[in-house]
Amino acid sequence: MCPKIIMPPLLEIKELTTVFDTNRGRIKAVDGVSLSLQQGETLGIVGESGCGKTMLALSIMRLIPPNGSIINGTVSFQGQDLLKLSSEEMRSKRGSDVAMIFQEPMTSLNPVIRIGEQIAEAIRLHQKLPAKDALAMSIEQLREVGIPEPERRARDYPHQLSGGMRQRVMIAMAMSCHPQLLLADEPTTALDVTIQAQILDLISELKIKNNMTVILITHDLGIIAQTADNVAVMYAGRIVEKSAVDDIFTRPLHPYTKGLIDSLPSGGDDIGRKYLKTIAGSVPGLYNLAAGCRFRERCSLAYDKCAKFEPDLKEIEPGHFAACWKVQ
Amino acid sequence: MSNPLVDIQKLDKKYKLASGMFNSQERIVHAVNDINLQIRKGETLGLVGESGCGKSTLARLITRLEKPTSGVINVKGENINTYNKESLKAYRRNVQLIFQDPYSSLNPRKSAAVIIREPLTIHGIGDRNTRRQAVLDLMEKVGLSAEQANRYPHEFSGGQRQRIGIARALILRPELIIADEPVSALDVSIQAQILNLLKDLKDEFGLTYLFVSHDLNVIRHMSDRIAVMYLGQIVELAETKDIYDSPFHPYTQMLLSAVPSYDPQKRKGKATIKGEARIEGVQGCIFQNRCIYKLPVCLEKQPSLKRMNDERFCACHLAGSIKVKE
C-alpha cells in the first residue's frame, strides 16, 4: 500500500464544548468533541435524540440558541478558526463556504414568499447581482436539484410543494452559493422512504459534482451505511466511537455502538428470532451527570474503573477510535 | 381456515375538503378506496405504506372513530357500523389503540396509575381495590415499577410513556389491539425494548394485532402477514416471507429497494424510484405515474386485488410476471 498524501483537513474541530444555561442549571450539550474532515469526505454523525449531534452542527455554524455558548475549543475551517471571526465575517462564511439544511423544510422556509425569490435572496446576500439575474440563477438552481418545470415552480409558495420538493428547495438554497461544506441535519427524517432515497441520491450527486464535503447527521444507521465514508457515534454529548464506515458495522468496538447495531430489526438474520437484543435503560439526562463513563449504567461490561474515570477517545486500531476502558 | 376476527368488505371512506373563500373548487379525498381485508384471530397483520396512504384512516374506521362512506366491517360476525351507543361501548372494550406519540397521547395532568385505570372507571369494572390491584399487576407486566404509579407523564422517558400507553390499552383485556406506529417516535435503543414487550404481551394475553407502520424493518420483524397500502388501496397482501422474498407489486418492490441496508458493503446504486404519490384525475392504475413496467392497459383499467394463490393477493395487471430487478 502506498502511503497516502496527507492533506490539511478542510475542517478540524478540537475540544469543542457547548453549554446551555437553563433554569435547572448548566448542561454540556457538546462536551469536548474533536473531529476532522478531509475535502470531499462524507462524515456521518449518528446518535439518539438529545446526544448533541444537532448542537454540534449548530456550533460549527455558530447558530446555537441564545441561552447557549461555546466555552471551549476551536473550529478551524481551511485553517481559520470560525469561533474567532466577528459575527459579520461569520455571516459571510455561512452560505458561501458552509451551508446547512434542516430536518423540517416547512419550518425553514418563509411561507409567504415565493420559493424562487427566497433562493434569489440568499444569492444576493453573497453576490452583488440585479434581482432579475438572481432570480434566473435561482431557477437554474431549482433545475439542478431536480424540480420539474422550475420556471413555473419558482412562483410557488412553500405550501404548494410536497415534503420532498420542499427539501429539494432547501438544498437548492443551500447550494446556491456553492458551499465547500454542507451540514445536513436529519435531511430525510420527515420524508417517506421512497422520497428519502431520492433526496440522498441528490445529495451524493451534488457532492461529487461540486467536490463538496458533507456532514450528515442522522439517527438512522441504514442511511449511515449507505452514504457515509466515516462515522462518529455520539452519546450524551461526547463522541464514543469514530472510524471508517465499514469498520463500524463489521467490528464495532464501543459497547454502545454494538448495542445499537444489535438492536436493529434488520430483517436478514433476525427472521424467526423472536426477540431483538436491547440496550437496557435509557439515555441519561445531562443534568448532574455522574462522574465516569456516561454509558456505564447501561453497559454490561462496566467495572469499577468506569464509575471513576471518563474514558477518552483512543486509537484502538489504525483509524478506529473508541472511548471505552474495556477496549483499550 | 377459521373465521376471521375482523372481516372488511368493500370499505370506502371519502373526505370532502371544504371549499373556502379562496378556493371555490370542492375536492374529495378518497382516503380508503374499496378495501377488502381480513384479520385472523391471533395473528399480527402488518399494514405498511407511506404517509397519506390511508393506513391511519383504516385504523380509525376499524375502531369506529370514523364511519365509512360505504362498505362493511364485520367483527366476530357483527357489522360494527350498525352498533348503537351501548353496543359500541362494549365493542370498544374489545378493541384498543396504541398511539404513535407517547407525549401527546397521555394527559399530562393525570398520574400513570390514573391514566391506566381510567378505562376501568369508564366501563365501571371492579371496585377501588380490584382496580388498584389490576393497575399494579399490569404495570409490572409492561415493565414499570409500583413506585412509579403516582408519577406524572413528564417524569417518564419516551419509552416508559409508551409502556403506560400499552398498559392503558390492555387493562380492559381486549382481543384486538391496533398499534398505530407505536415505535416511530422512539430512539433505536428503546424501540427494540418496546417491540419485544409487544411480542410478549401478545402471547400472554392471546392478542391479535393490527400493526401499522411505515418502517419496513420493524413491520417485517413483527408481522405474520403484511398488507401494503398505496393511495387508499391495498396493492399487495401476503405472508411476510413472501412479501420480502418475492414482492409481486411494483410498488412493493420499489418500497423494499428504497430501504437503506445496514451493510455498507451492499451499497445500492442510484435509486430506481421516480416521482411522488399522486392521484388526482387519474384513470386506470393509481401507481401508473411511478411504475417502470407500465402497459397501455394500466392507463385505462384499475387492477383489482386478485388472489394469486392461497395466501397471496396483488392488485397489478402484471402480477406474478414481473421479477425483482437485482
# chains A, B, ... in the order shown; residues from 1 in each chain; ligands from 1
>>> select_by_dssp(residues="stretch 135-188 of chain A", states="alpha helix (DSSP H)", output="list in words")
Leu135, Ala136, Met137, Ser138, Ile139, Glu140, Gln141, Leu142, Arg143, Glu144, Pro150, Glu151, Arg152, Arg153, Gly163, Gly164, Met165, Arg166, Gln167, Arg168, Val169, Met170, Ile171, Ala172, Met173, Ala174 and Met175 of chain A
>>> write_last_selection(atoms="C-alpha atoms", output="mmCIF file, in the first residue's frame")
data_model
loop_
_atom_site.group_PDB
_atom_site.id
_atom_site.type_symbol
_atom_site.label_atom_id
_atom_site.label_comp_id
_atom_site.auth_asym_id
_atom_site.auth_seq_id
_atom_site.Cartn_x
_atom_site.Cartn_y
_atom_site.Cartn_z
ATOM 1 C CA LEU A 135 -33.997 35.029 -9.956
ATOM 2 C CA ALA A 136 -32.706 33.457 -13.165
ATOM 3 C CA MET A 137 -29.944 31.818 -11.121
ATOM 4 C CA SER A 138 -32.428 30.515 -8.610
ATOM 5 C CA ILE A 139 -34.429 28.889 -11.409
ATOM 6 C CA GLU A 140 -31.221 27.235 -12.602
ATOM 7 C CA GLN A 141 -30.615 26.043 -9.063
ATOM 8 C CA LEU A 142 -34.106 24.538 -8.888
ATOM 9 C CA ARG A 143 -33.400 22.684 -12.112
ATOM 10 C CA GLU A 144 -30.129 21.381 -10.614
ATOM 11 C CA PRO A 150 -38.560 25.159 -12.463
ATOM 12 C CA GLU A 151 -39.782 28.369 -14.158
ATOM 13 C CA ARG A 152 -43.308 27.671 -13.017
ATOM 14 C CA ARG A 153 -42.341 26.191 -9.639
ATOM 15 C CA GLY A 163 -42.365 17.495 1.558
ATOM 16 C CA GLY A 164 -39.809 16.038 -0.816
ATOM 17 C CA MET A 165 -39.994 19.053 -3.138
ATOM 18 C CA ARG A 166 -39.588 21.421 -0.187
ATOM 19 C CA GLN A 167 -36.448 19.609 0.870
ATOM 20 C CA ARG A 168 -35.173 19.977 -2.693
ATOM 21 C CA VAL A 169 -35.817 23.709 -2.430
ATOM 22 C CA MET A 170 -33.838 23.824 0.832
ATOM 23 C CA ILE A 171 -30.988 22.019 -0.870
ATOM 24 C CA ALA A 172 -31.174 24.396 -3.842
ATOM 25 C CA MET A 173 -30.904 27.299 -1.433
ATOM 26 C CA ALA A 174 -28.008 25.767 0.455
ATOM 27 C CA MET A 175 -26.210 25.039 -2.822
#
>>> interface_residues(of="chain A", to="chain B", cutoff="6 Å", atoms="only C-alpha atoms", output="PDB file with C-alpha atoms, in the first residue's frame")
ATOM      1  CA  GLU A  48     -30.091   9.175  19.582  1.00  0.00           C
ATOM      2  CA  ASP A 192     -41.229   8.837   3.158  1.00  0.00           C
ATOM      3  CA  THR A 194     -39.087   6.362  -1.408  1.00  0.00           C
ATOM      4  CA  ALA A 197     -33.870   7.573  -1.330  1.00  0.00           C
ATOM      5  CA  GLY A 222     -29.078   2.479   7.431  1.00  0.00           C
ATOM      6  CA  ILE A 223     -28.529   5.946   5.980  1.00  0.00           C
ATOM      7  CA  ALA A 225     -24.219   2.620   5.973  1.00  0.00           C
ATOM      8  CA  GLN A 226     -25.384   3.773   2.573  1.00  0.00           C
ATOM      9  CA  ASP A 246     -17.107  -0.473   7.107  1.00  0.00           C
ATOM     10  CA  LEU A 260     -27.251  -0.072  18.704  1.00  0.00           C
ATOM     11  CA  SER A 263     -30.968  -3.848  18.440  1.00  0.00           C
ATOM     12  CA  PRO A 265     -34.671  -5.265  13.355  1.00  0.00           C
ATOM     13  CA  SER A 266     -32.600  -5.706  10.240  1.00  0.00           C
ATOM     14  CA  GLY A 267     -34.603  -8.362   8.519  1.00  0.00           C
ATOM     15  CA  TYR A 275     -36.620 -11.110  20.426  1.00  0.00           C
ATOM     16  CA  LEU A 276     -34.449  -8.222  19.446  1.00  0.00           C
ATOM     17  CA  THR A 278     -31.853  -4.458  23.612  1.00  0.00           C
ATOM     18  CA  ILE A 279     -29.802  -1.890  25.453  1.00  0.00           C
TER      19      ILE A 279
END
>>> residues_around(residues="stretch 124-135 of chain B", least_positions_apart="6", cutoff="9 Å", atoms="only C-alpha atoms", output="PyMOL selection string")
chain B and resi 113-114+116-117+149+167-168+171-172
>>> write_last_selection(atoms="C-alpha atoms", output="mmCIF file, in the first residue's frame")
data_model
loop_
_atom_site.group_PDB
_atom_site.id
_atom_site.type_symbol
_atom_site.label_atom_id
_atom_site.label_comp_id
_atom_site.auth_asym_id
_atom_site.auth_seq_id
_atom_site.Cartn_x
_atom_site.Cartn_y
_atom_site.Cartn_z
ATOM 1 C CA ALA B 113 -51.923 4.953 37.678
ATOM 2 C CA VAL B 114 -54.920 7.164 36.915
ATOM 3 C CA ILE B 116 -54.013 3.237 33.199
ATOM 4 C CA ARG B 117 -57.062 2.887 35.465
ATOM 5 C CA ALA B 149 -47.612 4.661 39.826
ATOM 6 C CA ALA B 167 -50.872 -0.748 29.810
ATOM 7 C CA ARG B 168 -53.856 1.543 29.274
ATOM 8 C CA ILE B 171 -56.329 -3.078 31.086
ATOM 9 C CA LEU B 172 -59.730 -3.969 29.607
#
>>> select_by_dssp(residues="stretch 58-112 of chain A", states="strand (DSSP E)", output="ChimeraX atom specification")
/A:68-77,80-81,98-101
>>> closest_residue(among="A:Ser87, A:Asn211, A:Asn23, A:Ser162", to="A:Gln39", atoms="only C-alpha atoms")
A:Asn211
>>> residues_around(residues="A:Val240", least_positions_apart="5", cutoff="7 Å", atoms="only C-alpha atoms", output="ChimeraX atom specification")
/A:233-235,254,313,322-323
>>> residues_around(residues="B:Val228", least_positions_apart="2", cutoff="10 Å", atoms="only C-alpha atoms", output="tab-separated table (two decimals) with N, CA and C atoms, in the first residue's frame")
chain	number	residue	atom	x	y	z
B	46	GLY	N	-49.55	-6.80	9.55
B	46	GLY	CA	-48.83	-5.54	9.37
B	46	GLY	C	-49.48	-4.72	8.27
B	47	LEU	N	-49.59	-3.42	8.49
B	47	LEU	CA	-50.14	-2.54	7.47
B	47	LEU	C	-49.08	-1.49	7.20
B	48	VAL	N	-48.55	-1.51	5.97
B	48	VAL	CA	-47.44	-0.62	5.68
B	48	VAL	C	-47.77	0.27	4.50
B	49	GLY	N	-47.24	1.48	4.54
B	49	GLY	CA	-47.48	2.41	3.45
B	49	GLY	C	-46.89	3.76	3.81
B	50	GLU	N	-46.81	4.63	2.82
B	50	GLU	CA	-46.21	5.94	3.08
B	50	GLU	C	-47.24	6.89	3.65
B	53	CYS	N	-51.29	7.45	2.83
B	53	CYS	CA	-51.83	6.35	2.04
B	53	CYS	C	-53.14	5.84	2.62
B	55	LYS	N	-53.52	4.56	5.88
B	55	LYS	CA	-53.44	3.49	6.87
B	55	LYS	C	-54.02	3.91	8.22
B	214	HIS	N	-44.66	2.60	8.98
B	214	HIS	CA	-44.06	2.93	7.69
B	214	HIS	C	-42.67	2.32	7.61
B	226	ILE	N	-48.60	-9.24	5.78
B	226	ILE	CA	-48.44	-7.80	5.56
B	226	ILE	C	-49.36	-7.34	4.44
B	230	TYR	N	-51.34	1.76	-0.80
B	230	TYR	CA	-50.87	2.87	-1.62
B	230	TYR	C	-52.06	3.71	-2.04
B	233	GLN	N	-55.58	2.28	-1.35
B	233	GLN	CA	-55.90	0.92	-1.75
B	233	GLN	C	-54.86	-0.07	-1.22
B	234	ILE	N	-55.30	-1.31	-1.05
B	234	ILE	CA	-54.33	-2.35	-0.74
B	234	ILE	C	-53.82	-2.89	-2.06
B	235	VAL	N	-52.52	-2.78	-2.29
B	235	VAL	CA	-51.99	-3.22	-3.57
B	235	VAL	C	-51.37	-4.61	-3.47
B	236	GLU	N	-50.99	-5.02	-2.25
B	236	GLU	CA	-50.47	-6.37	-2.10
B	236	GLU	C	-50.72	-6.85	-0.69
B	237	LEU	N	-51.03	-8.15	-0.58
B	237	LEU	CA	-51.29	-8.76	0.72
B	237	LEU	C	-50.72	-10.17	0.66
B	238	ALA	N	-49.83	-10.48	1.60
B	238	ALA	CA	-49.21	-11.81	1.57
B	238	ALA	C	-48.53	-12.09	2.90
B	243	ILE	N	-43.64	-11.49	0.91
B	243	ILE	CA	-43.52	-10.06	0.56
B	243	ILE	C	-42.06	-9.68	0.40
B	249	HIS	N	-45.99	-6.76	-6.42
B	249	HIS	CA	-46.40	-5.45	-6.93
B	249	HIS	C	-45.19	-4.54	-7.11
B	251	TYR	N	-44.92	-1.48	-6.69
B	251	TYR	CA	-44.76	-0.53	-5.59
B	251	TYR	C	-44.05	-1.19	-4.41
B	252	THR	N	-44.44	-2.43	-4.10
B	252	THR	CA	-43.77	-3.14	-3.01
B	252	THR	C	-42.28	-3.29	-3.32
B	255	LEU	N	-40.64	0.06	-2.76
B	255	LEU	CA	-40.51	0.36	-1.33
B	255	LEU	C	-39.32	-0.38	-0.73
B	314	CYS	N	-52.64	-9.56	-5.03
B	314	CYS	CA	-51.90	-8.44	-5.62
B	314	CYS	C	-52.80	-7.70	-6.59
>>> residues_around(residues="A:Val112", least_positions_apart="6", cutoff="12 Å", atoms="only C-alpha atoms", output="list in words")
Met106, Gln118, Arg155, Asp156, Tyr157, Pro158, His159 and Gln160 of chain A
>>> decode(residues="stretch 76-98 of chain B", atoms="N, CA and C atoms", output="PDB file, in the first residue's frame")
ATOM      1  N   LYS B  76     -66.248 -10.344  14.550  1.00  0.00           N
ATOM      2  CA  LYS B  76     -66.878 -11.550  15.097  1.00  0.00           C
ATOM      3  C   LYS B  76     -68.300 -11.705  14.545  1.00  0.00           C
ATOM      4  N   GLY B  77     -68.433 -11.432  13.245  1.00  0.00           N
ATOM      5  CA  GLY B  77     -69.711 -11.662  12.591  1.00  0.00           C
ATOM      6  C   GLY B  77     -70.728 -10.553  12.732  1.00  0.00           C
ATOM      7  N   GLU B  78     -70.395  -9.490  13.459  1.00  0.00           N
ATOM      8  CA  GLU B  78     -71.359  -8.403  13.591  1.00  0.00           C
ATOM      9  C   GLU B  78     -70.864  -7.159  12.871  1.00  0.00           C
ATOM     10  N   ASN B  79     -71.760  -6.496  12.177  1.00  0.00           N
ATOM     11  CA  ASN B  79     -71.401  -5.280  11.469  1.00  0.00           C
ATOM     12  C   ASN B  79     -71.308  -4.125  12.457  1.00  0.00           C
ATOM     13  N   ILE B  80     -70.106  -3.616  12.670  1.00  0.00           N
ATOM     14  CA  ILE B  80     -69.932  -2.604  13.717  1.00  0.00           C
ATOM     15  C   ILE B  80     -70.549  -1.264  13.353  1.00  0.00           C
ATOM     16  N   ASN B  81     -70.890  -1.079  12.097  1.00  0.00           N
ATOM     17  CA  ASN B  81     -71.463   0.205  11.711  1.00  0.00           C
ATOM     18  C   ASN B  81     -72.948   0.300  12.022  1.00  0.00           C
ATOM     19  N   THR B  82     -73.527  -0.809  12.452  1.00  0.00           N
ATOM     20  CA  THR B  82     -74.930  -0.751  12.857  1.00  0.00           C
ATOM     21  C   THR B  82     -75.064  -0.633  14.376  1.00  0.00           C
ATOM     22  N   TYR B  83     -73.937  -0.589  15.068  1.00  0.00           N
ATOM     23  CA  TYR B  83     -73.978  -0.553  16.531  1.00  0.00           C
ATOM     24  C   TYR B  83     -74.628   0.725  17.047  1.00  0.00           C
ATOM     25  N   ASN B  84     -75.418   0.579  18.108  1.00  0.00           N
ATOM     26  CA  ASN B  84     -75.885   1.767  18.824  1.00  0.00           C
ATOM     27  C   ASN B  84     -74.871   2.110  19.914  1.00  0.00           C
ATOM     28  N   LYS B  85     -75.174   3.146  20.659  1.00  0.00           N
ATOM     29  CA  LYS B  85     -74.213   3.672  21.636  1.00  0.00           C
ATOM     30  C   LYS B  85     -73.761   2.586  22.614  1.00  0.00           C
ATOM     31  N   GLU B  86     -74.722   1.805  23.042  1.00  0.00           N
ATOM     32  CA  GLU B  86     -74.416   0.800  24.066  1.00  0.00           C
ATOM     33  C   GLU B  86     -73.521  -0.321  23.539  1.00  0.00           C
ATOM     34  N   SER B  87     -73.895  -0.842  22.361  1.00  0.00           N
ATOM     35  CA  SER B  87     -73.074  -1.937  21.843  1.00  0.00           C
ATOM     36  C   SER B  87     -71.718  -1.427  21.373  1.00  0.00           C
ATOM     37  N   LEU B  88     -71.675  -0.153  21.025  1.00  0.00           N
ATOM     38  CA  LEU B  88     -70.394   0.436  20.638  1.00  0.00           C
ATOM     39  C   LEU B  88     -69.448   0.487  21.834  1.00  0.00           C
ATOM     40  N   LYS B  89     -70.001   0.811  22.987  1.00  0.00           N
ATOM     41  CA  LYS B  89     -69.184   0.866  24.197  1.00  0.00           C
ATOM     42  C   LYS B  89     -68.616  -0.522  24.504  1.00  0.00           C
ATOM     43  N   ALA B  90     -69.460  -1.522  24.362  1.00  0.00           N
ATOM     44  CA  ALA B  90     -68.996  -2.895  24.596  1.00  0.00           C
ATOM     45  C   ALA B  90     -67.933  -3.280  23.573  1.00  0.00           C
ATOM     46  N   TYR B  91     -68.145  -2.834  22.324  1.00  0.00           N
ATOM     47  CA  TYR B  91     -67.182  -3.144  21.260  1.00  0.00           C
ATOM     48  C   TYR B  91     -65.817  -2.546  21.575  1.00  0.00           C
ATOM     49  N   ARG B  92     -65.849  -1.309  22.070  1.00  0.00           N
ATOM     50  CA  ARG B  92     -64.574  -0.625  22.311  1.00  0.00           C
ATOM     51  C   ARG B  92     -63.805  -1.218  23.484  1.00  0.00           C
ATOM     52  N   ARG B  93     -64.495  -1.936  24.332  1.00  0.00           N
ATOM     53  CA  ARG B  93     -63.786  -2.681  25.370  1.00  0.00           C
ATOM     54  C   ARG B  93     -62.874  -3.712  24.754  1.00  0.00           C
ATOM     55  N   ASN B  94     -63.304  -4.164  23.607  1.00  0.00           N
ATOM     56  CA  ASN B  94     -62.647  -5.303  22.973  1.00  0.00           C
ATOM     57  C   ASN B  94     -61.578  -4.910  21.951  1.00  0.00           C
ATOM     58  N   VAL B  95     -61.616  -3.637  21.574  1.00  0.00           N
ATOM     59  CA  VAL B  95     -60.677  -3.154  20.553  1.00  0.00           C
ATOM     60  C   VAL B  95     -60.003  -1.899  21.088  1.00  0.00           C
ATOM     61  N   GLN B  96     -58.695  -1.939  21.232  1.00  0.00           N
ATOM     62  CA  GLN B  96     -57.990  -0.804  21.822  1.00  0.00           C
ATOM     63  C   GLN B  96     -56.852  -0.332  20.928  1.00  0.00           C
ATOM     64  N   LEU B  97     -56.508   0.938  21.109  1.00  0.00           N
ATOM     65  CA  LEU B  97     -55.472   1.570  20.282  1.00  0.00           C
ATOM     66  C   LEU B  97     -54.205   1.862  21.081  1.00  0.00           C
ATOM     67  N   ILE B  98     -53.067   1.694  20.427  1.00  0.00           N
ATOM     68  CA  ILE B  98     -51.804   2.222  20.961  1.00  0.00           C
ATOM     69  C   ILE B  98     -51.339   3.273  19.961  1.00  0.00           C
TER      70      ILE B  98
END
